[in-house]
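Novice: Before I ask anything, let me first share the structure, which is written out below as structure tokens.
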Amino acid sequence: MHYFTYRGNELYAEGVPLEALAREYGTPLYVYSKSTILRHIKAYKKAFCETGGILCFALKANSNGSVLKLLAEEGAGADIVSGGELFRALKAGISPSKIVYAGVGKTADEIAYALRKKILMFNVESGEELEMINSVAGELGAKAPVALRVNPDVDPRTHPYISTGMKKYKFGMPVEDALEFYGRAARMEHILVRGIHQHIGSQLTEVAPFRDALKKVLQLIKRLRATGVELTHLDIGGGLGIRYSKEENPPVPEELAGGLLPLIKAVPGLTVVVEPGRSIIGNAGVLLTKCLYRKKTGEKNFVIVDAGMNDLLRPSLYGAFHEILPARRNRRGSQVADVVGPICESGDFLAKDRRLAMVKNGEILCVMGAGAYGYSMSSNYNSRPRAAEVMVDGEKHFLIRKRETYKDLIRGEL
Ligand code: LLP
């Protein structure tokens with residue numbers, strides 16, 4: 001559910017016409033709906049936090065400070081994967097006691113930074129990383145709280161690039177080796193074994209793979225308890241999908257909780273951590289782009305717009321589908337076209353062979369579901385300044401990130 005809807009022929013974000021925002025702030029422009037974000041945060045809080053769970057928003061989906069402030073005000077924590085994300089989370093006022101830190105390549109400096117800030121736990125991805133954390137904690141005279149990320153070898157049935165919980169991927173430790181790793185961790189002087197972590201992939205549209213993975217992890221927790229290793233935190237990861245196309249019908253947080261919490265309750269004494277990114281912010285954001293030119297080759301129609309793969313990489317990288325709607329509906333009928341950006345690559349497209357409203361130059365198109373992994377994956381490729389970001393709240397709107405300038409492009413160069 002989101003609050004981008006047509007009123008008459010005009011597409012609105014809450015109470016504001018998107019065309020007006022494009023006029024005021026220029027394009028390409030990311031626009032977020034505050035009510036949509038809040039709605040999703042509340043859905044997660046109701047599903048998981050009322051029973052004592054901790055909601056840790058995955059910053060990689062969107063790390064704009066205003067978005068994070070909203071989450072902090074709602075009491076959410078953070079799932080981070082770098083020192084930079086830790087910096088952003090703290091700056092937004094997110095409590096370190098609700099920050100979990102995953103990723104296969106944490107550096108010694110990043111580990112030290114997180115230890116000094118006293119985060120909830122490191123989600124450790126290898127034996128060598130565990131040793132590094134132990135050694136850095138030793139230097140700081142600290143004890144590092146950890147969860148081991150286990151790889152349950154379950155197929156999440158999603159795109160291979162965003163699938164993580166199978167043996168062929170770099171993430172986590174094989175379930176079979178986990179007992180041994182926990183044994184090693186428990187013997188380390190500067191490690192405090194706190195939890196266990198799983199994250200099997202992203203844009204999952206069914207509950208079943210989550211359940212299959214969870215069953216394996218709960219089994220493991222029981223075996224660990226039998227050997228005297230007591231875990232208090234169970235981090236079930238993120239990964240719940242959103243509806244990019246009409247064929248997709250992903251479960252809502254309540255359904256996810258309904259499928260998982262009864263299994264977890266059977267193993268008492270566990271605080272649940274959940275790490276959603278996309279399902280909080282994905283359909284709370286759109287990318288506005290202006291039609292610059294149209295052209296026909298013998299084979300194809302092209303709609304050339306002012307947003308490219310540097311602004312929204314998902315279609316180019318994953319062949320991802322994003323619905324594209326006109327900011328103002330017209331009666332000109334439709335066409336089948338490729339919507340392409342200005343970048344000098346044939347892989348630079350927002351949509352391929354898409355049936356789409358007829359647009360004229362200067363008109364605004366809205367790329368839907370662009371709130372997650374949109375701005376956060378954008379770049380300056382082709383020396384294009386990155387887009388601006390705006391938050392809509394009812395009838396009001398605020399610039400939450402300025403458009404970059406040419407000067408920004410060379411800042412830091414010597
Ligand atoms: N926790 C961990 C350990 C993760 O690796 C991820 C995402 C999440 C939580 C959040 O997953 P979400 O709830 O957003 O699905 N760039 C890709 C998605 C990459 C996801 C990476 N990990 C895309 O645009 O689809």
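Residue names in the structure tokens use chain letters A, B, ... in the order shown, residue numbers from 1 in each chain, and ligand numbers from 1 in the order shown.
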Find the spatial neighbours of region 254-257 of chain A, counting only C-alpha atoms, within a cut-off of 9 Å - ignore same-chain residues fewer than 5 positions away - and output them as a ChimeraX atom specification.
Specialist: /A:43-44,46-48,206-207,210,240,262
Novice: Create the file for the chosen residues now, containing N, CA and C atoms and written as a short mmCIF file (atom, residue, chain, number, x, y, z; two decimals), in the first residue's frame.
Specialist:
```cif
data_model
loop_
_atom_site.label_atom_id
_atom_site.label_comp_id
_atom_site.auth_asym_id
_atom_site.auth_seq_id
_atom_site.Cartn_x
_atom_site.Cartn_y
_atom_site.Cartn_z
N ALA A 43 3.39 -1.11 10.59
CA ALA A 43 3.01 -2.50 10.30
C ALA A 43 4.06 -3.45 10.89
N TYR A 44 5.33 -3.11 10.74
CA TYR A 44 6.39 -3.96 11.31
C TYR A 44 6.36 -3.94 12.83
N LYS A 46 3.84 -3.43 14.76
CA LYS A 46 2.70 -4.21 15.25
C LYS A 46 2.99 -5.71 15.13
N ALA A 47 3.59 -6.09 13.99
CA ALA A 47 3.81 -7.52 13.74
C ALA A 47 4.91 -8.10 14.63
N PHE A 48 5.96 -7.33 14.87
CA PHE A 48 7.13 -7.91 15.54
C PHE A 48 7.48 -7.29 16.90
N GLU A 206 7.23 -15.01 -0.95
CA GLU A 206 6.49 -16.06 -0.22
C GLU A 206 7.09 -16.22 1.18
N VAL A 207 6.29 -16.73 2.10
CA VAL A 207 6.77 -16.94 3.46
C VAL A 207 7.57 -18.25 3.58
N PHE A 210 11.40 -18.37 4.09
CA PHE A 210 11.76 -17.85 5.42
C PHE A 210 11.57 -18.94 6.48
N LEU A 240 11.68 -9.21 2.82
CA LEU A 240 10.29 -9.27 2.36
C LEU A 240 10.13 -8.40 1.11
N PRO A 262 5.17 -18.22 15.60
CA PRO A 262 4.80 -19.45 16.33
C PRO A 262 5.95 -20.45 16.40
#
```
Novice: Quick one: contact table of chain A to ligand 1, 6 Å max, nearest atom pair and distance in Å to one decimal per residue, counting only C-alpha atoms and all ligand atoms, chain and number order, as CSV?
Specialist:
```
residue,atom,partner,partner_atom_place_in_ligand_line,distance
A:Ala58,CA,ligand 1,10 (C),5.0
A:Ala61,CA,ligand 1,14 (O),5.6
A:Ala102,CA,ligand 1,3 (C),5.6
A:Ile162,CA,ligand 1,19 (C),5.2
A:His199,CA,ligand 1,3 (C),5.4
A:Ser202,CA,ligand 1,15 (O),3.6
A:Gln203,CA,ligand 1,15 (O),5.2
A:Gly237,CA,ligand 1,1 (N),4.8
A:Gly238,CA,ligand 1,13 (O),3.9
A:Gly239,CA,ligand 1,15 (O),3.2
A:Leu240,CA,ligand 1,13 (O),5.3
A:Glu275,CA,ligand 1,9 (C),4.8
A:Pro276,CA,ligand 1,13 (O),3.6
A:Gly277,CA,ligand 1,14 (O),3.4
A:Arg278,CA,ligand 1,14 (O),3.7
A:Ser279,CA,ligand 1,13 (O),5.9
A:Arg314,CA,ligand 1,24 (O),5.4
A:Tyr373,CA,ligand 1,24 (O),4.6
```
Novice: Could those selected residues go to a file with N, CA and C atoms, as a compact mmCIF listing (two decimals), in the first residue's frame?
Specialist:
```txt
# COMPACT_ATOMS: atom_id res chain seq x y z
N ALA A 58 17.20 -1.71 7.32
CA ALA A 58 18.43 -1.93 6.53
C ALA A 58 18.79 -0.65 5.77
N ALA A 61 19.07 0.16 1.85
CA ALA A 61 17.94 0.43 0.97
C ALA A 61 17.77 1.93 0.73
N ALA A 102 26.20 -6.32 9.77
CA ALA A 102 26.51 -7.50 8.93
C ALA A 102 27.53 -7.12 7.85
N ILE A 162 20.48 -11.12 -5.73
CA ILE A 162 20.00 -10.70 -4.41
C ILE A 162 19.56 -11.89 -3.57
N HIS A 199 19.90 -14.37 6.81
CA HIS A 199 19.25 -13.49 5.82
C HIS A 199 19.42 -14.20 4.50
N SER A 202 16.61 -11.20 -0.91
CA SER A 202 15.81 -9.99 -0.95
C SER A 202 14.70 -10.14 -1.98
N GLN A 203 13.64 -9.33 -1.81
CA GLN A 203 12.48 -9.39 -2.71
C GLN A 203 11.88 -10.80 -2.74
N GLY A 237 16.76 -11.54 9.72
CA GLY A 237 17.10 -10.88 8.46
C GLY A 237 15.96 -10.04 7.92
N GLY A 238 16.17 -9.56 6.69
CA GLY A 238 15.13 -8.78 6.01
C GLY A 238 14.66 -9.60 4.82
N GLY A 239 14.29 -8.91 3.76
CA GLY A 239 14.06 -9.63 2.52
C GLY A 239 12.63 -9.70 2.02
N LEU A 240 11.68 -9.21 2.82
CA LEU A 240 10.29 -9.27 2.36
C LEU A 240 10.13 -8.40 1.11
N GLU A 275 15.12 -7.24 9.97
CA GLU A 275 15.92 -6.22 9.27
C GLU A 275 15.37 -5.84 7.90
N PRO A 276 14.17 -5.33 7.81
CA PRO A 276 13.63 -4.99 6.49
C PRO A 276 14.22 -3.69 5.94
N GLY A 277 14.37 -3.64 4.64
CA GLY A 277 14.77 -2.40 3.98
C GLY A 277 13.69 -2.04 2.97
N ARG A 278 13.65 -2.85 1.90
CA ARG A 278 12.75 -2.58 0.77
C ARG A 278 11.29 -2.45 1.19
N SER A 279 10.82 -3.35 2.06
CA SER A 279 9.38 -3.35 2.37
C SER A 279 8.98 -2.15 3.23
N ARG A 314 18.60 -0.39 -10.91
CA ARG A 314 17.95 -1.70 -10.81
C ARG A 314 17.54 -2.32 -12.15
N TYR A 373 16.88 1.09 -2.78
CA TYR A 373 17.96 0.77 -3.72
C TYR A 373 17.87 1.64 -4.97
```
Novice: Excluding Tyr25 (chain A) and any residue of its chain fewer than 6 positions from it, enumerate the residues within 12 Å of it, using only C-alpha atoms, and give them as number ranges by chain.
Specialist: A: 18-19, 31, 288-289, 387-391, 397-403
Novice: Taking only region 174-360 of chain A into account, list the residues labelled alpha helix (DSSP H) by DSSP (computed from the backbone), as an MDAnalysis selection string.
Specialist: chainID A and resid 175:187 208:226 253:265 278:281 314:318
Novice: Using only C-alpha atoms, which residue out of A:Lys69, A:Lys91, A:His159, A:His322 lies closest to Asn283 (chain A)?
Specialist: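 For Asn283 (chain A), the nearest of the given residues is A:His322.
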Novice: Pick from A:Met132, A:Ala13, A:Val392, A:Val100: nearest to Arg194 (chain A), with only C-alpha atoms counted?
Specialist: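 Among the listed residues, A:Val100 lies closest to Arg194 (chain A).
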Novice: Compile the contact shell of Arg187 (chain A) as a count of residues only: residues with an atom at most 12 Å away, counting only C-alpha atoms, same-chain residues fewer than 4 positions apart removed.
Specialist: 12
Novice: Could you list, as number ranges by chain, every residue within 10 Å of Lys360 (chain A), counting only C-alpha atoms and ignoring same-chain residues fewer than 6 positions away?
Specialist: A: 290-294, 303, 332
Novice: May I have the residues from that selection written out with N, CA, C and O atoms, as a PDB file, in the first residue's frame?
Specialist:
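What landed in result.pdb:
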```pdb
ATOM      1  N   LYS A 290      11.918  13.493 -16.788  1.00  0.00           N
ATOM      2  CA  LYS A 290      11.264  14.258 -17.864  1.00  0.00           C
ATOM      3  C   LYS A 290      11.580  13.621 -19.210  1.00  0.00           C
ATOM      4  O   LYS A 290      12.725  13.204 -19.446  1.00  0.00           O
ATOM      5  N   CYS A 291      10.593  13.565 -20.074  1.00  0.00           N
ATOM      6  CA  CYS A 291      10.834  13.087 -21.433  1.00  0.00           C
ATOM      7  C   CYS A 291      11.582  14.178 -22.197  1.00  0.00           C
ATOM      8  O   CYS A 291      11.122  15.317 -22.298  1.00  0.00           O
ATOM      9  N   LEU A 292      12.757  13.810 -22.719  1.00  0.00           N
ATOM     10  CA  LEU A 292      13.563  14.788 -23.465  1.00  0.00           C
ATOM     11  C   LEU A 292      13.275  14.705 -24.961  1.00  0.00           C
ATOM     12  O   LEU A 292      13.066  15.705 -25.632  1.00  0.00           O
ATOM     13  N   TYR A 293      13.312  13.486 -25.479  1.00  0.00           N
ATOM     14  CA  TYR A 293      13.138  13.275 -26.922  1.00  0.00           C
ATOM     15  C   TYR A 293      12.435  11.950 -27.148  1.00  0.00           C
ATOM     16  O   TYR A 293      12.453  11.081 -26.281  1.00  0.00           O
ATOM     17  N   ARG A 294      11.860  11.805 -28.329  1.00  0.00           N
ATOM     18  CA  ARG A 294      11.361  10.492 -28.734  1.00  0.00           C
ATOM     19  C   ARG A 294      12.034  10.144 -30.046  1.00  0.00           C
ATOM     20  O   ARG A 294      12.358  11.044 -30.832  1.00  0.00           O
ATOM     21  N   VAL A 303      11.731   6.224 -25.823  1.00  0.00           N
ATOM     22  CA  VAL A 303      11.407   7.452 -25.087  1.00  0.00           C
ATOM     23  C   VAL A 303      12.672   7.776 -24.303  1.00  0.00           C
ATOM     24  O   VAL A 303      13.098   6.989 -23.448  1.00  0.00           O
ATOM     25  N   ARG A 332      -4.092  10.295 -25.407  1.00  0.00           N
ATOM     26  CA  ARG A 332      -3.379  10.041 -26.670  1.00  0.00           C
ATOM     27  C   ARG A 332      -3.156   8.558 -26.956  1.00  0.00           C
ATOM     28  O   ARG A 332      -2.486   8.211 -27.907  1.00  0.00           O
TER      29      ARG A 332
END
```
Novice: For the structure I just gave you, how does DSSP split region 294-369 of chain A - specifically, which residues are strand (DSSP E or B)? Reply as a ChimeraX atom specification.
Specialist: /A:294-296,301-305,324-326,328,334-340,349-357,364-367
Novice: Find the residue from A:Ile410, A:Arg386, A:Ile364, A:Arg331 that sits nearest to Arg23 (chain A); use only C-alpha atoms when measuring.
Specialist: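 Once distances to Arg23 (chain A) are computed over only C-alpha atoms, the minimum belongs to A:Ile364.
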Novice: I'd like the neighbourhood of Arg384 (chain A) as a PyMOL selection string, where a residue qualifies if any of its atoms comes within 10 Å (using only C-alpha atoms), though same-chain residues fewer than 6 positions away should be ignored.
Specialist: chain A and resi 307-308+310-311+342-343+404-406+409
Novice: Rank A:Val136, A:His190, A:Gly84, A:Thr205 by their smallest atom-to-atom distance to Arg157 (chain A), using only C-alpha atoms, and report the top residue only.
Specialist: A:Thr205
Novice: Which is closest to Ile221 (chain A) among A:Gly258, A:Ala266, A:Gly103, A:Ala72, if we use only C-alpha atoms?
Specialist: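 Using only C-alpha atoms, Ile221 (chain A) sits closest to A:Ala266.
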Novice: Select, from A:Phe321, A:Tyr244, A:Tyr161, A:Phe122, the residue with the minimum atom-to-atom distance to Asp353 (chain A), counting only C-alpha atoms.
Specialist: A:Phe321
Novice: Mind checking which residues fall within 10 Å of Ile236 (chain A), counting only C-alpha atoms, ignoring those fewer than 5 positions away in the same chain, and posting them as a PyMOL selection string?
Specialist: chain A and resi 149+196-200+210-211+213-214+217+260+272-276
Novice: Could you write out the selected residues, including C-alpha atoms, as a CSV table (one decimal), in the first residue's frame?
Specialist:
```
chain,number,residue,atom,x,y,z
A,149,ARG,CA,25.4,-15.5,10.4
A,196,ILE,CA,22.3,-16.0,15.6
A,197,HIS,CA,21.6,-14.4,12.2
A,198,GLN,CA,20.1,-15.5,8.9
A,199,HIS,CA,19.3,-13.5,5.8
A,200,ILE,CA,18.5,-15.6,2.8
A,210,PHE,CA,11.8,-17.8,5.4
A,211,ARG,CA,10.2,-20.7,7.3
A,213,ALA,CA,15.5,-21.4,6.8
A,214,LEU,CA,14.2,-20.6,10.2
A,217,VAL,CA,18.3,-22.2,12.5
A,260,LEU,CA,7.5,-17.3,11.8
A,272,VAL,CA,13.6,-11.4,17.6
A,273,VAL,CA,15.5,-9.0,15.4
A,274,VAL,CA,14.0,-8.2,11.9
A,275,GLU,CA,15.9,-6.2,9.3
A,276,PRO,CA,13.6,-5.0,6.5
```
Novice: CA of Glu139 (chain A) and CA of Gly127 (chain A) are how many Å apart?
Specialist: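 Here the two named atoms are 18.8 Å from each other.
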